[in-house]
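The next block holds one structure in the form of structure tokens; read it before the comments.
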Amino acid sequence: MTGLSDPILPGPGGTDYERYLRTDELLALQKTPADMAHRDELLFQTIHQASELWMKLACFEVETAIADLHADRLGSATRLLRRAVTALDQVHNATMMLEQLAPWDYHRVRSQLGHGSGFDSPGFRRIHEITPPLEQAFTALLTRCSVSLRDLYRERDSHAELFELAERLMDWDQRLVVWRHLHLKLVERVIGGQVIGTQGTPVEVLARRLDLRYFQALWDVRNALTEEAGTSPKGP
Ligand code: HEM
């Protein structure tokens, strides 16, 4: 007779936990100590691999959220966007953990990276592919609802669902901007700000890309509201 701790799922692994999560394969994806040039390669690989998984999840949720927006399913889109934002928070935490990598140790890790560069991160590439369609789906929704951003933000109780959605889109955009700042400071801390990356990109180039925003209209409406409220002296 099969006991409750006996595996019933197909596949390799001694337990259903290992079979379902495919832990044998997952835990074989990092270098063994014998193959490492420096022991911190495990830290470096774990952080990048885990981040790719979180971004895979985030993009999966955003893709469904885009379809939801086109079908006027605001509640579902907002819920999935919240989850996608939480996934980006995990990437933030993981990125900051690399602050524990000492500069000289990193150069031993770096000697193993070839031409590997974050520019080729599938997760970040996908984020940059799916965010413009997310913005377009939101803009089209506002048009269908005949609501301006100014009215949405002035009369948020009359547009409660749309307001929640807009705020989750702000979360997404802000997380992406903040991540670039975190990453740049990490890079300056580990290799310095006046050097060249593994694909030949000067670190200063990262500084020029810091403020890329996808939901500019959501940022701009804040300026318009402040002006309308009359609580701030006129800016430049
Ligand atoms: C020791 C830590 C790190 C260093 C020294 C570093 C260094 C760099 C450098 C120099 C670049 C410029 C491109 C090039 O490689 O030539 C870059 C780009 C990039 N890195 Fe990192 N990085 C680190 C950690 C991370 C982490 C943890 C992630 C993701 C979780 C990441 C993701 C990226 C991405 C997405 C880009 C492209 C940025 C953009 O499109 O503006 N990096 N990194």
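In the structure tokens, chains take the letters A, B, ... in the order shown, each chain's residues start at 1, and ligands count up from 1 in the order shown.
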Which residues of chain A sit at most 7 Å from ligand 1, using only C-alpha atoms and all ligand atoms? Give each one's shortest atom pair and distance in Å (one decimal place), in chain and ascending residue order, as a Markdown table.
```
| residue | atom | partner | partner_atom_place_in_ligand_line | distance |
| --- | --- | --- | --- | --- |
| A:Ile47 | CA | ligand 1 | 27 (C) | 6.1 |
| A:His48 | CA | ligand 1 | 30 (C) | 5.1 |
| A:Ser51 | CA | ligand 1 | 30 (C) | 5.2 |
| A:Val91 | CA | ligand 1 | 30 (C) | 5.9 |
| A:Ala94 | CA | ligand 1 | 27 (C) | 6.6 |
| A:Thr95 | CA | ligand 1 | 27 (C) | 4.2 |
| A:Leu98 | CA | ligand 1 | 2 (C) | 5.9 |
| A:Leu101 | CA | ligand 1 | 1 (C) | 6.8 |
| A:Tyr106 | CA | ligand 1 | 1 (C) | 6.4 |
| A:Gly116 | CA | ligand 1 | 15 (O) | 6.9 |
| A:Ser117 | CA | ligand 1 | 15 (O) | 4.0 |
| A:Gly118 | CA | ligand 1 | 33 (C) | 3.4 |
| A:Phe119 | CA | ligand 1 | 37 (C) | 4.0 |
| A:Ser121 | CA | ligand 1 | 35 (C) | 5.8 |
| A:Phe124 | CA | ligand 1 | 35 (C) | 5.3 |
| A:Arg180 | CA | ligand 1 | 41 (O) | 6.7 |
| A:His183 | CA | ligand 1 | 25 (C) | 6.3 |
| A:Leu186 | CA | ligand 1 | 2 (C) | 6.2 |
| A:Val187 | CA | ligand 1 | 5 (C) | 4.4 |
| A:Val190 | CA | ligand 1 | 5 (C) | 5.5 |
| A:Ile191 | CA | ligand 1 | 5 (C) | 5.5 |
| A:Ile196 | CA | ligand 1 | 10 (C) | 6.2 |
| A:Gly197 | CA | ligand 1 | 16 (O) | 3.2 |
| A:Thr198 | CA | ligand 1 | 15 (O) | 4.4 |
| A:Gln199 | CA | ligand 1 | 16 (O) | 3.9 |
| A:Gly200 | CA | ligand 1 | 16 (O) | 4.9 |
| A:Thr201 | CA | ligand 1 | 16 (O) | 4.0 |
| A:Pro202 | CA | ligand 1 | 16 (O) | 6.6 |
| A:Val203 | CA | ligand 1 | 10 (C) | 5.3 |
| A:Leu206 | CA | ligand 1 | 41 (O) | 5.3 |
| A:Arg209 | CA | ligand 1 | 41 (O) | 5.7 |
```
Subject >> Those in region 18-169 of chain A with helix (DSSP H, G or I) from DSSP, as an MDAnalysis selection string >> reply: chainID A and resid 18:21 23:26 33:35 41:70 74:100 103:110 118:120 122:145 149:154 156:169
Original post:
Given the choices A:Arg22, A:His70, A:Arg108, A:Arg82, which gets closest to Ala166 (chain A) if the distance is worked out from only C-alpha atoms?
Top reply: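 Checking each of A:Arg22, A:His70, A:Arg108, A:Arg82 against Ala166 (chain A), counting only C-alpha atoms, the winner is A:Arg82.
Pairwise distance (CA of Asp72 (chain A), CA of Leu88 (chain A)) equals 24.8 Å.
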Original post:
Of the candidates A:Glu227, A:Asp89, A:Glu25, A:Glu18, which shows the shortest atom-to-atom distance to Leu182 (chain A), using only C-alpha atoms?
Top reply: A:Asp89
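Across A:Lys56, A:His38, A:His128, A:His159, the tightest approach to Tyr214 (chain A) is made by A:His128 when counting only C-alpha atoms.
Here the question is which of A:Ala71, A:Leu9, A:Ala65, A:Met96 gets nearest to Ala84 (chain A) using only C-alpha atoms, and that residue is A:Ala65.
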Original post:
Restricting the calculation to only C-alpha atoms, which member of A:Val205, A:Ala37, A:Ala229, A:Leu152 is positioned closest to Glu164 (chain A)?
Top reply: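 Once distances to Glu164 (chain A) are computed over only C-alpha atoms, the minimum belongs to A:Leu152.
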Original post:
Within 12 Å of Leu134 (chain A), counting only C-alpha atoms, which residues qualify if same-chain residues fewer than 6 places away don't, as an MDAnalysis selection string?
Top reply: chainID A and resid 59 61:70 77:78 81 127:128 140:141 165:166 168:170 172:173 214:215
**OP:** Write out as a PyMOL selection string each polymer residue whose atoms come within 9 Å of Asp16 (chain A), counting only C-alpha atoms; drop sequence neighbours fewer than 5 positions from it.
**Re:** chain A and resi 5-11+21
Original post:
What does the distance between CA of Leu225 (chain A) and CA of Arg154 (chain A) come to in Å, to one decimal place?
Top reply: 7.9 Å
